[in-house]
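Trainee: File follows, model.csv with CSV, C-alpha atoms and all ligand atoms:
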chain,number,residue,atom,x,y,z
A,1,MET,CA,14.2,9.0,-2.8
A,2,ARG,CA,13.4,12.1,-4.9
A,3,TYR,CA,9.9,12.8,-3.9
A,4,ALA,CA,7.4,11.9,-1.2
A,5,ILE,CA,3.7,11.4,-1.9
A,6,ASN,CA,2.7,9.3,1.1
A,7,PRO,CA,3.7,9.2,4.7
A,8,TRP,CA,6.1,6.2,4.2
A,9,MET,CA,8.3,8.1,1.8
A,10,ARG,CA,11.1,10.0,3.4
A,11,PRO,CA,13.6,11.7,1.0
A,12,ASP,CA,16.3,11.3,3.8
A,13,ARG,CA,16.0,7.5,3.9
A,14,PRO,CA,18.2,5.7,1.4
A,15,VAL,CA,17.0,2.6,-0.4
A,16,ASP,CA,19.4,-0.3,-0.8
A,17,VAL,CA,18.9,-0.8,-4.5
A,18,SER,CA,20.7,-4.2,-4.8
A,19,LEU,CA,18.6,-5.6,-1.9
A,20,ALA,CA,15.5,-4.2,-3.5
A,21,ARG,CA,16.3,-6.0,-6.7
A,22,ARG,CA,16.9,-9.3,-4.9
A,23,GLN,CA,13.6,-8.9,-3.0
A,24,TRP,CA,11.7,-8.2,-6.2
A,25,LEU,CA,13.2,-11.3,-7.8
A,26,SER,CA,12.2,-13.3,-4.8
A,27,LEU,CA,8.6,-12.3,-5.3
A,28,VAL,CA,8.7,-13.3,-9.0
A,29,ASP,CA,10.3,-16.6,-8.0
A,30,ALA,CA,7.6,-17.2,-5.3
A,31,TYR,CA,4.9,-16.7,-7.9
A,32,ARG,CA,6.5,-19.0,-10.5
A,33,ARG,CA,7.2,-21.7,-7.9
A,34,HIS,CA,3.5,-21.7,-7.1
A,35,GLY,CA,2.5,-22.1,-10.8
A,36,HIS,CA,1.7,-18.5,-11.7
A,37,THR,CA,2.9,-16.8,-14.9
A,38,VAL,CA,4.8,-13.5,-14.5
A,39,GLU,CA,5.3,-11.0,-17.3
A,40,THR,CA,7.3,-7.8,-16.8
A,41,VAL,CA,7.3,-4.3,-18.1
A,42,GLU,CA,10.6,-2.5,-18.9
A,43,PRO,CA,11.2,0.2,-16.3
A,44,LEU,CA,11.9,3.7,-17.4
A,45,PRO,CA,14.5,6.0,-15.9
A,46,GLY,CA,13.1,8.7,-13.6
A,47,LEU,CA,9.9,6.7,-12.8
A,48,PRO,CA,10.9,4.9,-9.6
A,49,ASP,CA,7.3,4.2,-8.6
A,50,MET,CA,6.7,2.3,-11.9
A,51,VAL,CA,7.7,-0.8,-10.0
A,52,PHE,CA,4.2,-0.6,-8.4
A,53,ALA,CA,2.5,-2.2,-11.4
A,54,ALA,CA,-0.8,-2.6,-9.5
A,55,ASN,CA,-1.5,1.1,-9.9
A,56,ALA,CA,-1.3,1.2,-13.7
A,57,ALA,CA,-4.7,-0.4,-14.4
A,58,VAL,CA,-7.4,-2.8,-13.3
A,59,VAL,CA,-8.2,-5.7,-15.6
A,60,VAL,CA,-11.5,-7.6,-15.5
A,61,ASP,CA,-12.5,-10.2,-18.1
A,62,GLY,CA,-9.7,-9.1,-20.3
A,63,ARG,CA,-10.9,-5.5,-20.4
A,64,VAL,CA,-8.4,-2.8,-19.2
A,65,PHE,CA,-9.4,0.3,-17.3
A,66,GLY,CA,-6.2,2.5,-17.1
A,67,SER,CA,-5.0,5.0,-14.6
A,68,ARG,CA,-4.8,8.7,-14.1
A,69,PHE,CA,-2.4,9.3,-11.2
A,70,HIS,CA,-3.0,11.8,-8.5
A,71,ALA,CA,0.7,12.8,-8.2
A,72,PRO,CA,2.2,14.6,-11.1
A,73,GLU,CA,5.5,12.6,-10.5
A,74,ARG,CA,3.6,9.4,-11.4
A,75,ARG,CA,1.5,10.6,-14.3
A,76,PRO,CA,4.0,9.6,-17.0
A,77,GLU,CA,3.8,5.9,-15.9
A,78,SER,CA,0.5,5.5,-17.7
A,79,VAL,CA,2.3,5.7,-21.1
A,80,PRO,CA,4.6,2.7,-20.9
A,81,TYR,CA,1.9,0.6,-19.2
A,82,GLU,CA,-0.6,1.4,-21.9
A,83,ALA,CA,2.0,0.6,-24.5
A,84,TRP,CA,2.5,-2.8,-22.9
A,85,PHE,CA,-1.2,-3.6,-22.8
A,86,LYS,CA,-1.6,-2.5,-26.5
A,87,ALA,CA,1.4,-4.6,-27.5
A,88,HIS,CA,-0.3,-7.6,-25.8
A,89,GLY,CA,-3.6,-7.1,-27.6
A,90,PHE,CA,-5.6,-5.1,-25.0
A,91,ASP,CA,-7.4,-1.8,-25.5
A,92,VAL,CA,-7.1,0.6,-22.6
A,93,GLN,CA,-9.9,2.8,-21.4
A,94,HIS,CA,-8.7,6.1,-20.0
A,95,PRO,CA,-10.3,7.4,-16.8
A,96,GLU,CA,-11.4,11.0,-16.7
A,97,SER,CA,-10.9,11.4,-13.0
A,98,VAL,CA,-8.0,10.4,-10.7
A,99,CYS,CA,-7.9,6.7,-10.6
A,100,GLU,CA,-5.0,4.5,-9.5
A,101,GLY,CA,-5.8,1.0,-10.8
A,102,GLU,CA,-5.7,-1.9,-8.5
A,103,GLY,CA,-4.3,0.3,-5.8
A,104,ASP,CA,-7.9,1.3,-5.1
A,105,LEU,CA,-10.0,-1.0,-7.3
A,106,VAL,CA,-10.2,-4.5,-6.0
A,107,PRO,CA,-12.2,-7.0,-8.0
A,108,ALA,CA,-13.9,-9.3,-5.5
A,109,GLY,CA,-16.1,-11.9,-7.2
A,110,ARG,CA,-19.5,-10.4,-8.0
A,111,TRP,CA,-18.5,-6.8,-7.3
A,112,ILE,CA,-15.5,-4.4,-7.3
A,113,LEU,CA,-14.5,-2.9,-4.0
A,114,ALA,CA,-13.3,0.7,-4.5
A,115,GLY,CA,-11.3,2.9,-2.2
A,116,THR,CA,-11.4,6.7,-2.0
A,117,GLY,CA,-10.2,9.3,0.4
A,118,PHE,CA,-6.7,9.8,-0.7
A,119,ARG,CA,-6.3,9.0,-4.4
A,120,THR,CA,-9.0,7.5,-6.5
A,121,THR,CA,-12.1,9.7,-6.6
A,122,PRO,CA,-15.8,8.7,-6.3
A,123,GLU,CA,-16.2,10.0,-9.9
A,124,ALA,CA,-13.7,7.4,-11.0
A,125,HIS,CA,-15.8,4.7,-9.1
A,126,ARG,CA,-18.8,5.7,-11.3
A,127,GLU,CA,-16.6,5.5,-14.5
A,128,VAL,CA,-15.4,2.0,-13.5
A,129,GLN,CA,-19.0,0.7,-12.8
A,130,GLU,CA,-20.1,2.1,-16.2
A,131,PHE,CA,-17.2,0.6,-18.0
A,132,PHE,CA,-17.3,-2.9,-16.6
A,133,GLY,CA,-21.0,-3.1,-15.8
A,134,VAL,CA,-20.1,-4.6,-12.4
A,135,PRO,CA,-21.4,-3.1,-9.1
A,136,VAL,CA,-18.7,-0.9,-7.5
A,137,ILE,CA,-18.8,-0.6,-3.8
A,138,GLY,CA,-17.2,2.6,-2.5
A,139,LEU,CA,-15.2,2.5,0.7
A,140,THR,CA,-13.7,5.5,2.4
A,141,LEU,CA,-10.1,5.3,3.8
A,142,VAL,CA,-9.2,7.5,6.7
A,143,ASP,CA,-5.6,6.7,7.7
A,144,PRO,CA,-2.9,8.4,5.5
A,145,TYR,CA,-0.6,5.4,6.1
A,146,PHE,CA,-3.2,3.3,4.3
A,147,TYR,CA,-3.8,5.6,1.4
A,148,HIS,CA,-4.7,2.9,-1.1
A,149,LEU,CA,-7.4,0.3,-0.6
A,150,ASP,CA,-4.8,-2.4,-1.3
A,151,THR,CA,-2.8,-1.4,1.8
A,152,ALA,CA,-5.9,-2.1,4.0
A,153,LEU,CA,-7.7,-5.0,2.4
A,154,PHE,CA,-7.1,-7.9,0.1
A,155,VAL,CA,-9.3,-10.6,-1.5
A,156,LEU,CA,-8.8,-14.1,-0.1
A,157,ASP,CA,-11.1,-15.8,-2.7
A,158,GLU,CA,-14.3,-15.1,-4.5
A,159,GLU,CA,-16.2,-15.0,-1.2
A,160,ASN,CA,-14.0,-13.5,1.4
A,161,VAL,CA,-11.5,-10.8,2.2
A,162,ALA,CA,-9.0,-9.8,4.9
A,163,TYR,CA,-8.9,-6.2,6.2
A,164,CYS,CA,-8.0,-3.8,8.9
A,165,PRO,CA,-11.1,-2.1,10.2
A,166,GLU,CA,-9.3,0.9,11.6
A,167,ALA,CA,-8.3,2.0,8.1
A,168,PHE,CA,-11.9,2.7,7.2
A,169,SER,CA,-14.6,5.3,8.0
A,170,PRO,CA,-17.3,4.0,10.4
A,171,GLY,CA,-19.9,3.7,7.6
A,172,SER,CA,-17.4,1.8,5.4
A,173,ARG,CA,-16.6,-0.6,8.3
A,174,GLU,CA,-20.3,-1.3,8.6
A,175,VAL,CA,-20.5,-2.0,4.8
A,176,LEU,CA,-17.6,-4.5,5.1
A,177,GLU,CA,-19.2,-6.2,8.1
A,178,ARG,CA,-22.4,-6.7,6.2
A,179,LEU,CA,-20.7,-8.0,3.1
A,180,TYR,CA,-18.1,-10.1,4.9
A,181,PRO,CA,-19.4,-11.3,8.3
A,182,ASP,CA,-16.7,-14.0,8.1
A,183,ALA,CA,-13.8,-11.8,7.1
A,184,VAL,CA,-10.3,-12.3,8.5
A,185,THR,CA,-9.6,-9.1,10.4
A,186,ALA,CA,-6.1,-7.8,10.9
A,187,THR,CA,-4.6,-5.4,13.4
A,188,ARG,CA,-3.1,-2.0,12.6
A,189,GLU,CA,0.3,-3.6,13.3
A,190,ASP,CA,-0.4,-6.2,10.6
A,191,ALA,CA,-1.3,-3.4,8.2
A,192,LEU,CA,1.7,-1.3,9.2
A,193,ALA,CA,3.8,-4.4,8.3
A,194,PHE,CA,2.1,-4.4,4.9
A,195,GLY,CA,0.3,-7.6,5.7
A,196,LEU,CA,-2.8,-6.5,3.9
A,197,ASN,CA,-0.9,-5.7,0.7
A,198,SER,CA,-1.0,-9.4,-0.1
A,199,VAL,CA,-1.9,-11.5,-3.0
A,200,SER,CA,-4.0,-14.7,-2.6
A,201,ASP,CA,-4.6,-17.4,-5.2
A,202,GLY,CA,-7.3,-18.8,-3.1
A,203,ARG,CA,-5.0,-21.1,-1.2
A,204,HIS,CA,-1.5,-19.5,-1.0
A,205,VAL,CA,-1.3,-16.1,0.4
A,206,PHE,CA,1.9,-14.2,-0.6
A,207,VAL,CA,2.3,-12.1,2.5
A,208,ALA,CA,4.8,-9.9,4.3
A,209,PRO,CA,6.7,-11.8,7.0
A,210,GLY,CA,6.2,-9.0,9.6
A,211,ALA,CA,2.4,-9.6,9.7
A,212,THR,CA,2.7,-12.4,12.2
A,213,HIS,CA,-0.8,-12.0,13.8
A,214,LEU,CA,-2.4,-12.1,10.4
A,215,ALA,CA,-0.4,-15.1,9.2
A,216,GLY,CA,-1.6,-17.0,12.2
A,217,ARG,CA,-5.2,-16.1,11.4
A,218,LEU,CA,-4.8,-17.1,7.8
A,219,ALA,CA,-3.3,-20.5,8.7
A,220,ASP,CA,-6.2,-21.1,11.2
A,221,ARG,CA,-8.6,-20.7,8.2
A,222,GLY,CA,-6.7,-23.1,6.1
A,223,TYR,CA,-4.8,-20.7,3.9
A,224,VAL,CA,-1.1,-21.3,3.3
A,225,PRO,CA,1.0,-18.1,4.0
A,226,VAL,CA,4.0,-17.8,1.7
A,227,PRO,CA,6.2,-15.1,3.3
A,228,VAL,CA,8.0,-12.7,0.9
A,229,ASP,CA,10.0,-9.8,2.3
A,230,LEU,CA,9.8,-6.6,0.4
A,231,SER,CA,11.1,-4.3,3.2
A,232,GLU,CA,13.0,-2.0,0.8
A,233,PHE,CA,9.7,-1.3,-1.0
A,234,HIS,CA,7.9,-0.5,2.2
A,235,LYS,CA,10.0,2.7,2.3
A,236,ALA,CA,8.1,3.8,-0.7
A,237,GLY,CA,4.7,2.8,0.8
A,238,GLY,CA,4.4,-0.4,-1.2
A,239,GLY,CA,4.5,-4.2,-0.8
A,240,ILE,CA,3.7,-7.4,-2.5
A,241,LYS,CA,0.3,-6.5,-4.0
A,242,CYS,CA,1.5,-3.1,-5.1
A,243,CYS,CA,4.2,-4.8,-7.2
A,244,THR,CA,1.6,-7.1,-8.8
A,245,GLN,CA,-0.8,-6.3,-11.6
A,246,GLU,CA,-3.3,-9.2,-12.0
A,247,ILE,CA,-4.3,-9.9,-15.6
A,248,ARG,CA,-7.8,-11.3,-15.2
A,249,SER,CA,-8.7,-12.7,-18.6
B,301,LIG,N1,5.1,5.4,-3.8
B,301,LIG,C1,3.9,4.9,-4.4
B,301,LIG,C2,2.7,5.9,-4.2
B,301,LIG,O1,2.6,6.5,-3.2
B,301,LIG,C3,3.5,3.6,-3.8
B,301,LIG,C4,2.4,2.9,-4.5
B,301,LIG,C5,2.0,1.6,-3.8
B,301,LIG,N2,1.1,0.9,-4.6
B,301,LIG,C6,0.0,0.4,-4.1
B,301,LIG,N3,-0.7,-0.4,-4.9
B,301,LIG,N4,-0.5,0.6,-2.9
B,301,LIG,O2,1.9,6.1,-5.1
Could the structure of this file be written out as structure tokens, please?
Mentor:
Amino acid sequence: MRYAINPWMRPDRPVDVSLARRQWLSLVDAYRRHGHTVETVEPLPGLPDMVFAANAAVVVDGRVFGSRFHAPERRPESVPYEAWFKAHGFDVQHPESVCEGEGDLVPAGRWILAGTGFRTTPEAHREVQEFFGVPVIGLTLVDPYFYHLDTALFVLDEENVAYCPEAFSPGSREVLERLYPDAVTATREDALAFGLNSVSDGRHVFVAPGATHLAGRLADRGYVPVPVDLSEFHKAGGGIKCCTQEIRS
């Protein structure tokens, strides 16, 4: 690992590249087996975090709001992702403030939940609301291990979410309790196992196998946990959701 921009990344800790490749392919396979379409973007040398496609943009109703990365090491990633969107017929709106796509911007039915505290700024939240014309609800993250909203919360369906309360400021916790009295809450252990970096299609939840407490709670509510192990990616601070950009058309 050549740089460290979150507490998970340790330059002294090697990544098993061939295991990482197999794990990534297992995620693609899990999506396809459950009927989802997967498109890929060609990786560029020197941009290892490019695998975390979620951070490149947020797409709502076929409209793309791009990214402006906080870390200089990641800024060049915007170029190939934008090229991919353009080649597929989408225009890309450029943020003026630091904004890390679906890492911090989580479309949740009638509104967009938006994290701040470590990466995406409140100014970017305003830009996103103006661009999409959808209410943006700002939430403050307080734990550096959960530096992106998608490490602390995921959307289960149009009406509900799962999250780890400890990752949020007291006021933001209260906001989440008001919006989602019926939420699935996860422990910090679930979150440290990347359990909240999940993708749900409303029934199946693609989830890290280490988040055992959370998987039980999901099953109790009628969801079907589909375990996918991305342990090599956890070393970079990413998991299932980080590797997944959802194209909402
Ligand atoms: N190393 C990357 C970073 O710190 C990991 C990004 C993970 N992506 C995510 N959507 N949380 O920026």
Trainee: Please indicate the distance in Å from CA of Met9 (chain A) to CA of Lys235 (chain A), rounded to one decimal place.
Mentor: 5.7 Å
Trainee: Residues at most 10 Å from Gly210 (chain A), counting all atoms listed in the file, excluding those fewer than 5 positions away in the same chain, as an MDAnalysis selection string?
Mentor: chainID A and resid 189:195 215 227:229 231
Trainee: Could you report the residues within 10 Å of ligand LIG 301 (chain B), using all atoms listed in the file, as a PyMOL selection string?
Mentor: chain A and resi 1+3-9+48-56+69-71+73-74+100-105+119+145-152+194+197+233-245
Trainee: Which is closer to His125 (chain A) than all the others in A:Trp24, A:Trp84, A:Phe65, A:Tyr31, using all atoms listed in the file?
Mentor: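 Of A:Trp24, A:Trp84, A:Phe65, A:Tyr31, the one nearest His125 (chain A) is A:Phe65, counting all atoms listed in the file.
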Trainee: One decimal, in Å: what's the spacing between CA of Glu127 (chain A) and CA of Leu139 (chain A)?
Mentor: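 Separation of CA of Glu127 (chain A) and CA of Leu139 (chain A): 15.6 Å.
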